[in-house]
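Structure first, then comments.
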Amino acid sequence: MGKIIGIDLGTTNSCVGVLENGKYKIIPNAEGHNTTPSIVAYANNGEVLVGQVAKRQSVTNPTKTLFGIKRLIGRKATDAEVKKFKEVAPFEVIANNNGDAWVKVDSKELSPQEVSAAILEKMKKSAEDYLGQTVTEAVITVPAYFNDSQRQATKDAGRIAGLDVKRIINEPTAAALAFGMEDKKDKNIVVFDLGGGTFDVSILEITADGVFEVKATNGDTFLGGEDFDYRIINYLAEEFKKETSIDLKKDKMALQRLKEAAEKAKHELSSVTQTDVNLPFITADSSGPKHLNVNLTRAKFEQLISDLVDRLVGPCKTALADSGIATAQIHDVILVGGSTRVPIVQSKVKEIFGKDPSKNVNPDEVVAAGAAIQGGVLAGDVKDVLLLDVTPLSLGIETLGGRFTKIIDKNTTIPVKKSQVFSTAADNQPAVTIRVLQGERDFAKDNKLLGNFDLMGINPAPRGVPQVEVTFDIDANGIINVSALDKANNKKQEIKITSGSGLTEAEIQRMVKDAELNRDADAKKRELVDAKNELDSMTYAAEKMIKESEGKLPADKLAELNNAISESKSKAASENLDEIKATLEKLQNVVHQMTQGMYGGANNGAGANPGGPEAASEAPHGEANPNPNKNGKDGAVDADFKEV
Amino acid sequence: MTSTDNPNSSIDEQTIVNETPIEAAASLEPNTMEIERDQWKAKFYYQAAEIENMRKRWDKEREQILKYGTDSIISDILPTLDLFELTVSSISGSQDPQVKNIVIGLNMVQKQLLDSLSKHGLNKLEALDKAFDPNFHEAISQENVANKKPGIILRVQQSGYLHNGRLLRAAKVIVNALNE
């Protein structure tokens, strides 16, 4: 089953993606970058260079380094756009004998299709290297305003590159796909695309059955992030000139450094409110080397580009008017293109459309992502992907001290099966009660009880010795099977919970939120309960020590130990963490002294491990709680299990 | 599907809906079940194979991350290395013995930084007087120097670097024009 890749063939940069198991993946090129400059160069030795490498030699080869070819593809040489572009292009733009806009390199006449094909071939190769298989099919995106001739020409470019173009889709539609905009109802969305050199705004209508229709489109094909850069470059050069009377724009290397610094400053100002542009040894004159050090605030930057940002408004208003849709009827606004990262652009968008824009997809990659999704749908990948559910809340059981011990974390994809081994809390405990709970709180009583049952017939043994394996098995339908198995005698009991949690989405959200809000309070309680459990273990260990050392301990030591034990027992019910900790420490000291005395040395001894039964049961969260009464009474004897 | 969804549903439809699942299964043609079973089997195998393929891709990608994951940290340190070169080149002409000594010191500091980074796979490109190659060099401008080979790098304005064999930053150079 071959993959159909998705290609965003952009004016300045191109990007390729593929659908993997239902999720899109943007594929990096051989240089390790997710985007490739849309530049093709014909070197003197006949080599055809594509991407970053072509860009790097453009200065040595300006007439044969082709960029912005998307502005020519499918157009006539007499088109206004072509004429405007011809004024700035350092390479020759001509009309072929059909009047189509072509380029001339040396004496060869080349169609925009074959130039674009070189770029598509590079994207194809990146995909093949990543997938480890040949790629022969693709989905390619085009601007919504492309006419039939431009769309067909783009398809032809694909064919020349060895790709069967299964579909040509509109860039705003691809963006909407990537954002997952299809819903089960009709929606109006705005796609705001501000890239490096072009601005496009589209109003889309998405119907309940997943049909995307472009209602209106507008923009400015010569407005983008590069214009923002130029404003910063000019400002820096002006400031420098004021101080030194030197015009940096005349120095090629200085200009290069200014360009990079300006772009870097622009990026930084998207997250901080000011940045230092620091360029030491930017140039030199008779008095020595000169340094540039300018502080640029976000406010100043916004001032420098304010007229450019204002130019975004007109096309948006026109598009809305053309679509016949009012701002109040817009459901979502999505952002495409790197320049939408600039804060003032985002606030302008909010101002124009009255909505906070969605931006959770990388704006440089979103169009390719959508194309990849479309490719996946056409390849049948999507309908073959099993839609898997997750368990919305954690599942677990109640353990010693009323604690909730998670066995399956929330958001685990199901079906899933997980086991954990627990033990008993008291000597000769004959049964364990398994209380199955759902929720995020640390204590069982704060979570939802789904059902409970008992496992009986546990052979008599000291606490912490029996091994009871509790297994949670959730099947693909969300039915929870919980079992408890006594590993010594293979006795097993289980329960099946079919009613689901019966919780609504809202209730689930509330439970997750509750856990967040109560995190600190729960943590304190948890600390107290854990300390009490530890004290209990220590007391038990101390008592055991006395039994085992009959006669070996001197009378006064024995009395000291017994006092410590009775003090611990009396303090056991305390709710004061400090008191419990102090009592525990005291008991530990006495026990350690005893142990040292008994073995006459540094050895801690076997019976006095303050780690307690947790270590023995291999379950760090302790044992299943037989019943609230800890005095060795039986757990519930009658009912086998109970489902709530 | 119940009658409430479609008030015009026929009695036949309702009967089928009211059958229990087991009875419904028994009334299917045997090969329909086989077809469905085979479809599920195929789906399972495709899913399993896709997971395997994804794991292979992930392994390859993880190798890449381990090799090139520190690219961005090292890239951010490059301007500091540049600074040494800029500082030295602006004062290296001086005959003042104190300044000459500082130049020696600066070169030592730069070498130490380079040595540390080279342990992490950073290598400086030697570009001066080499043939211009856009795979490693970026031309800032061209000049016409008669007594030098065309396409030769005349000056290096900013050093280029490789990281673990891959180009991290191209050297910014001034090139001797190629004869047309």
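For the structure tokens, the naming scheme is as follows: chains receive sequential letters (A, B, ...) according to their order of presentation, residues are indexed from 1 within each chain, and ligands are indexed from 1 in presentation order.
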Backbone-only DSSP, alpha helix (DSSP H) members of region 402-553 of chain A, as a PDB file with C-alpha atoms, in the first residue's frame:
```pdb
ATOM      1  CA  GLU A 505     -17.673  14.639  29.602  1.00  0.00           C
ATOM      2  CA  ALA A 506     -18.357  17.552  31.911  1.00  0.00           C
ATOM      3  CA  GLU A 507     -18.115  15.352  34.995  1.00  0.00           C
ATOM      4  CA  ILE A 508     -14.833  13.891  33.789  1.00  0.00           C
ATOM      5  CA  GLN A 509     -13.391  17.363  33.281  1.00  0.00           C
ATOM      6  CA  ARG A 510     -14.577  18.357  36.716  1.00  0.00           C
ATOM      7  CA  MET A 511     -12.881  15.353  38.348  1.00  0.00           C
ATOM      8  CA  VAL A 512      -9.594  16.113  36.621  1.00  0.00           C
ATOM      9  CA  LYS A 513      -9.868  19.725  37.683  1.00  0.00           C
ATOM     10  CA  ASP A 514     -10.722  18.755  41.268  1.00  0.00           C
ATOM     11  CA  ALA A 515      -7.542  16.732  41.471  1.00  0.00           C
ATOM     12  CA  GLU A 516      -5.562  19.759  40.316  1.00  0.00           C
ATOM     13  CA  LEU A 517      -7.202  22.060  42.847  1.00  0.00           C
ATOM     14  CA  ARG A 519      -3.231  18.589  44.762  1.00  0.00           C
ATOM     15  CA  ASP A 520      -1.590  20.338  47.698  1.00  0.00           C
ATOM     16  CA  ALA A 521      -4.206  19.315  50.242  1.00  0.00           C
ATOM     17  CA  ASP A 522      -4.066  15.729  49.015  1.00  0.00           C
ATOM     18  CA  ALA A 523      -0.275  15.783  49.142  1.00  0.00           C
ATOM     19  CA  LYS A 524      -0.343  16.809  52.813  1.00  0.00           C
ATOM     20  CA  LYS A 525      -2.840  14.108  53.658  1.00  0.00           C
ATOM     21  CA  ARG A 526      -0.792  11.610  51.700  1.00  0.00           C
ATOM     22  CA  GLU A 527       2.323  12.514  53.643  1.00  0.00           C
ATOM     23  CA  LEU A 528       0.456  11.978  56.905  1.00  0.00           C
ATOM     24  CA  VAL A 529      -0.987   8.652  55.847  1.00  0.00           C
ATOM     25  CA  ASP A 530       2.359   7.426  54.545  1.00  0.00           C
ATOM     26  CA  ALA A 531       4.035   8.428  57.811  1.00  0.00           C
ATOM     27  CA  LYS A 532       1.354   6.649  59.817  1.00  0.00           C
ATOM     28  CA  ASN A 533       1.774   3.558  57.675  1.00  0.00           C
ATOM     29  CA  GLU A 534       5.488   3.687  58.298  1.00  0.00           C
ATOM     30  CA  LEU A 535       4.983   4.050  62.023  1.00  0.00           C
ATOM     31  CA  ASP A 536       2.653   1.095  61.934  1.00  0.00           C
ATOM     32  CA  SER A 537       5.238  -1.004  60.086  1.00  0.00           C
ATOM     33  CA  MET A 538       7.962   0.043  62.466  1.00  0.00           C
ATOM     34  CA  THR A 539       5.818  -0.837  65.475  1.00  0.00           C
ATOM     35  CA  TYR A 540       5.095  -4.228  63.999  1.00  0.00           C
ATOM     36  CA  ALA A 541       8.762  -4.804  63.282  1.00  0.00           C
ATOM     37  CA  ALA A 542       9.701  -3.790  66.823  1.00  0.00           C
ATOM     38  CA  GLU A 543       7.168  -6.176  68.321  1.00  0.00           C
ATOM     39  CA  LYS A 544       8.455  -8.945  66.097  1.00  0.00           C
ATOM     40  CA  MET A 545      11.942  -8.188  67.266  1.00  0.00           C
ATOM     41  CA  ILE A 546      10.923  -8.664  70.884  1.00  0.00           C
ATOM     42  CA  LYS A 547       9.320 -12.014  70.105  1.00  0.00           C
ATOM     43  CA  GLU A 548      12.314 -13.242  68.187  1.00  0.00           C
TER      44      GLU A 548
END
```
Within 9 Å of region 162-171 of chain A using only C-alpha atoms, minus same-chain residues under 5 positions, as a ChimeraX atom specification: /A:4,8,117,120-121,124,135-146,151-152,154-157,176,214,367-368,370-371,374-375,378
Next, the residues of the selection above should be written as a PDB file, in the first residue's frame with C-alpha atoms.
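Generated file (result-v4.pdb):
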```pdb
ATOM      1  CA  ILE A   4       0.423   9.472  -1.041  1.00  0.00           C
ATOM      2  CA  ASP A   8       3.065  22.527  -0.013  1.00  0.00           C
ATOM      3  CA  ALA A 117       9.392  19.940 -11.082  1.00  0.00           C
ATOM      4  CA  LEU A 120       9.000  18.652  -6.378  1.00  0.00           C
ATOM      5  CA  GLU A 121      11.635  16.049  -7.187  1.00  0.00           C
ATOM      6  CA  LYS A 124       9.812  13.431  -3.411  1.00  0.00           C
ATOM      7  CA  VAL A 135       6.780   7.404  -3.801  1.00  0.00           C
ATOM      8  CA  THR A 136       4.787   7.871  -6.987  1.00  0.00           C
ATOM      9  CA  GLU A 137       1.664   9.716  -5.854  1.00  0.00           C
ATOM     10  CA  ALA A 138       1.094  13.089  -4.247  1.00  0.00           C
ATOM     11  CA  VAL A 139      -1.380  15.770  -3.290  1.00  0.00           C
ATOM     12  CA  ILE A 140      -0.138  19.297  -4.085  1.00  0.00           C
ATOM     13  CA  THR A 141      -1.597  22.541  -2.714  1.00  0.00           C
ATOM     14  CA  VAL A 142      -2.232  25.772  -4.617  1.00  0.00           C
ATOM     15  CA  PRO A 143      -3.625  29.198  -3.610  1.00  0.00           C
ATOM     16  CA  ALA A 144      -7.419  29.409  -3.666  1.00  0.00           C
ATOM     17  CA  TYR A 145      -7.271  32.053  -6.401  1.00  0.00           C
ATOM     18  CA  PHE A 146      -5.349  29.820  -8.857  1.00  0.00           C
ATOM     19  CA  ARG A 151      -3.789  24.269 -11.438  1.00  0.00           C
ATOM     20  CA  GLN A 152      -3.175  22.178 -14.537  1.00  0.00           C
ATOM     21  CA  THR A 154       1.053  22.589 -11.230  1.00  0.00           C
ATOM     22  CA  LYS A 155      -0.242  19.080 -11.963  1.00  0.00           C
ATOM     23  CA  ASP A 156       2.048  18.932 -14.999  1.00  0.00           C
ATOM     24  CA  ALA A 157       5.003  19.950 -12.848  1.00  0.00           C
ATOM     25  CA  ALA A 176      -8.446  23.767   7.741  1.00  0.00           C
ATOM     26  CA  VAL A 214     -13.993  28.709  -0.579  1.00  0.00           C
ATOM     27  CA  VAL A 367      -0.477  23.500   4.666  1.00  0.00           C
ATOM     28  CA  ALA A 368       1.767  20.483   4.056  1.00  0.00           C
ATOM     29  CA  GLY A 370      -3.296  19.238   5.484  1.00  0.00           C
ATOM     30  CA  ALA A 371      -2.038  17.957   2.137  1.00  0.00           C
ATOM     31  CA  GLN A 374      -5.763  14.520   2.218  1.00  0.00           C
ATOM     32  CA  GLY A 375      -3.158  12.153   0.756  1.00  0.00           C
ATOM     33  CA  LEU A 378      -7.203   9.222  -0.695  1.00  0.00           C
TER      34      LEU A 378
END
```
Exercise: Leu168 (chain B) partners within 10 Å, only C-alpha atoms, chain neighbours under 5 positions left out, as JSON, numbers by chain: {"A": [31, 32], "B": [68, 71, 72, 74, 75, 78, 122, 123, 124, 136, 160, 161, 162, 163]}
Grab the residues selected above and save them as a short mmCIF file (atom, residue, chain, number, x, y, z; two decimals), in the first residue's frame with N, CA and C atoms.
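For reference, selection12.cif as written:
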```
data_model
loop_
_atom_site.label_atom_id
_atom_site.label_comp_id
_atom_site.auth_asym_id
_atom_site.auth_seq_id
_atom_site.Cartn_x
_atom_site.Cartn_y
_atom_site.Cartn_z
N GLU A 31 19.27 18.05 4.49
CA GLU A 31 20.03 18.97 5.35
C GLU A 31 19.46 19.03 6.76
N GLY A 32 18.34 18.34 6.97
CA GLY A 32 17.76 18.30 8.31
C GLY A 32 16.71 19.36 8.58
N TYR B 68 22.39 14.99 15.80
CA TYR B 68 22.27 16.41 15.46
C TYR B 68 21.41 17.21 16.43
N ASP B 71 22.61 20.57 17.55
CA ASP B 71 22.87 21.59 16.52
C ASP B 71 22.53 22.99 17.00
N SER B 72 21.34 23.14 17.61
CA SER B 72 20.92 24.51 17.94
C SER B 72 21.77 25.12 19.04
N ILE B 74 24.97 24.42 19.66
CA ILE B 74 26.28 24.76 19.09
C ILE B 74 26.15 25.94 18.14
N SER B 75 25.07 26.01 17.37
CA SER B 75 24.85 27.16 16.49
C SER B 75 24.86 28.45 17.27
N LEU B 78 28.35 29.66 18.03
CA LEU B 78 29.19 30.09 16.91
C LEU B 78 29.45 31.60 16.89
N LEU B 122 32.19 19.21 16.36
CA LEU B 122 32.24 20.44 15.57
C LEU B 122 33.57 20.53 14.82
N ASN B 123 33.49 20.83 13.53
CA ASN B 123 34.70 21.01 12.74
C ASN B 123 34.63 22.28 11.92
N LYS B 124 35.72 23.05 11.94
CA LYS B 124 35.74 24.29 11.18
C LYS B 124 36.13 23.99 9.73
N PHE B 136 28.99 24.05 0.75
CA PHE B 136 29.66 24.41 2.00
C PHE B 136 29.81 25.91 2.19
N GLY B 160 32.79 28.79 8.33
CA GLY B 160 31.74 27.78 8.26
C GLY B 160 32.12 26.59 9.13
N TYR B 161 31.09 25.82 9.52
CA TYR B 161 31.35 24.70 10.41
C TYR B 161 30.52 23.48 10.02
N LEU B 162 31.12 22.31 10.28
CA LEU B 162 30.39 21.04 10.14
C LEU B 162 30.12 20.50 11.53
N HIS B 163 28.98 19.84 11.70
CA HIS B 163 28.71 19.16 12.97
C HIS B 163 28.43 17.71 12.65
#
```
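Shortest separation to Ser287 (chain A) among B:Ser141, B:Arg57, B:Gln98, B:Ser90 occurs at residue B:Ser90, atoms counted being only C-alpha atoms.
Shortest atom-to-atom contact with chain A among B:Ala49, B:Leu86, B:Met108, B:Leu125: B:Leu86, counting only C-alpha atoms.
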So that I can check the secondary structure, give me every residue of region 83-147 of chain B assigned strand (DSSP E) by backbone DSSP, as an MDAnalysis selection string. chainID B and resid 122:124 137:143
Selection from above, N, CA and C atoms, as a tab-separated table (two decimals), in the first residue's frame, can you write it?
```tsv
chain	number	residue	atom	x	y	z
B	122	LEU	N	32.19	19.21	16.36
B	122	LEU	CA	32.24	20.44	15.57
B	122	LEU	C	33.57	20.53	14.82
B	123	ASN	N	33.49	20.83	13.53
B	123	ASN	CA	34.70	21.01	12.74
B	123	ASN	C	34.63	22.28	11.92
B	124	LYS	N	35.72	23.05	11.94
B	124	LYS	CA	35.74	24.29	11.18
B	124	LYS	C	36.13	23.99	9.73
B	137	HIS	N	29.72	26.67	1.08
B	137	HIS	CA	29.99	28.09	1.15
B	137	HIS	C	28.80	28.89	0.67
B	138	GLU	N	28.65	30.10	1.24
B	138	GLU	CA	27.63	31.03	0.76
B	138	GLU	C	28.34	32.27	0.25
B	139	ALA	N	28.08	32.61	-1.04
B	139	ALA	CA	28.76	33.76	-1.62
B	139	ALA	C	28.05	35.03	-1.18
B	140	ILE	N	28.80	35.94	-0.57
B	140	ILE	CA	28.25	37.24	-0.16
B	140	ILE	C	28.35	38.21	-1.32
B	141	SER	N	29.50	38.16	-2.00
B	141	SER	CA	29.67	39.02	-3.16
B	141	SER	C	30.77	38.47	-4.05
B	142	GLN	N	30.85	39.06	-5.23
B	142	GLN	CA	31.86	38.64	-6.21
B	142	GLN	C	32.83	39.77	-6.46
B	143	GLU	N	34.06	39.41	-6.82
B	143	GLU	CA	35.01	40.42	-7.24
B	143	GLU	C	35.75	39.90	-8.46
```
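Using only C-alpha atoms, the nearest neighbour of chain B within the list A:Thr173, A:Asn13, A:Ser111, A:Gln133 is A:Gln133.
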Kindly determine which residues of chain A lie within 6 Å of chain B, considering only C-alpha atoms, and give the answer as a PDB file with C-alpha atoms, in the first residue's frame.
```pdb
ATOM      1  CA  VAL A  53      22.406  25.076  -1.850  1.00  0.00           C
ATOM      2  CA  ARG A  56      23.952  30.045  -1.361  1.00  0.00           C
ATOM      3  CA  GLN A  57      25.394  30.544  -4.810  1.00  0.00           C
ATOM      4  CA  VAL A  59      25.183  35.988  -5.812  1.00  0.00           C
TER       5      VAL A  59
END
```
Separation of CA of Val103 (chain A) and CA of Gly219 (chain A), in Å? 25.9 Å
Distance query Phe228 (chain A) at most 8 Å, only C-alpha atoms, self and fewer than 4 positions along chain excluded, as a short mmCIF file (atom, residue, chain, number, x, y, z; two decimals) with C-alpha atoms, in the first residue's frame:
```cif
data_model
loop_
_atom_site.label_atom_id
_atom_site.label_comp_id
_atom_site.auth_asym_id
_atom_site.auth_seq_id
_atom_site.Cartn_x
_atom_site.Cartn_y
_atom_site.Cartn_z
CA GLY A 224 5.08 39.42 4.05
CA ILE A 232 14.25 46.69 11.18
CA LYS A 266 11.98 39.89 14.97
CA ILE A 305 5.67 48.00 10.89
CA LEU A 308 2.25 47.19 7.00
#
```
Counting only C-alpha atoms, the residue of A:Ala321, A:Ser107, A:Gln52, A:Pro112 that sits nearest Gly68 (chain A):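 Smallest distance to Gly68 (chain A) is found for A:Pro112.
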Between CA of Gly105 (chain B) and CA of Phe84 (chain B), what is the distance in Å, rounded to a tenth?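 Result for CA of Gly105 (chain B) versus CA of Phe84 (chain B): 10.5 Å, one decimal.
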Neighbours of Leu236 (chain A) within 8 Å (only C-alpha atoms; same-chain residues fewer than 4 positions away dropped), as a PyMOL selection string? chain A and resi 232+240+258+294
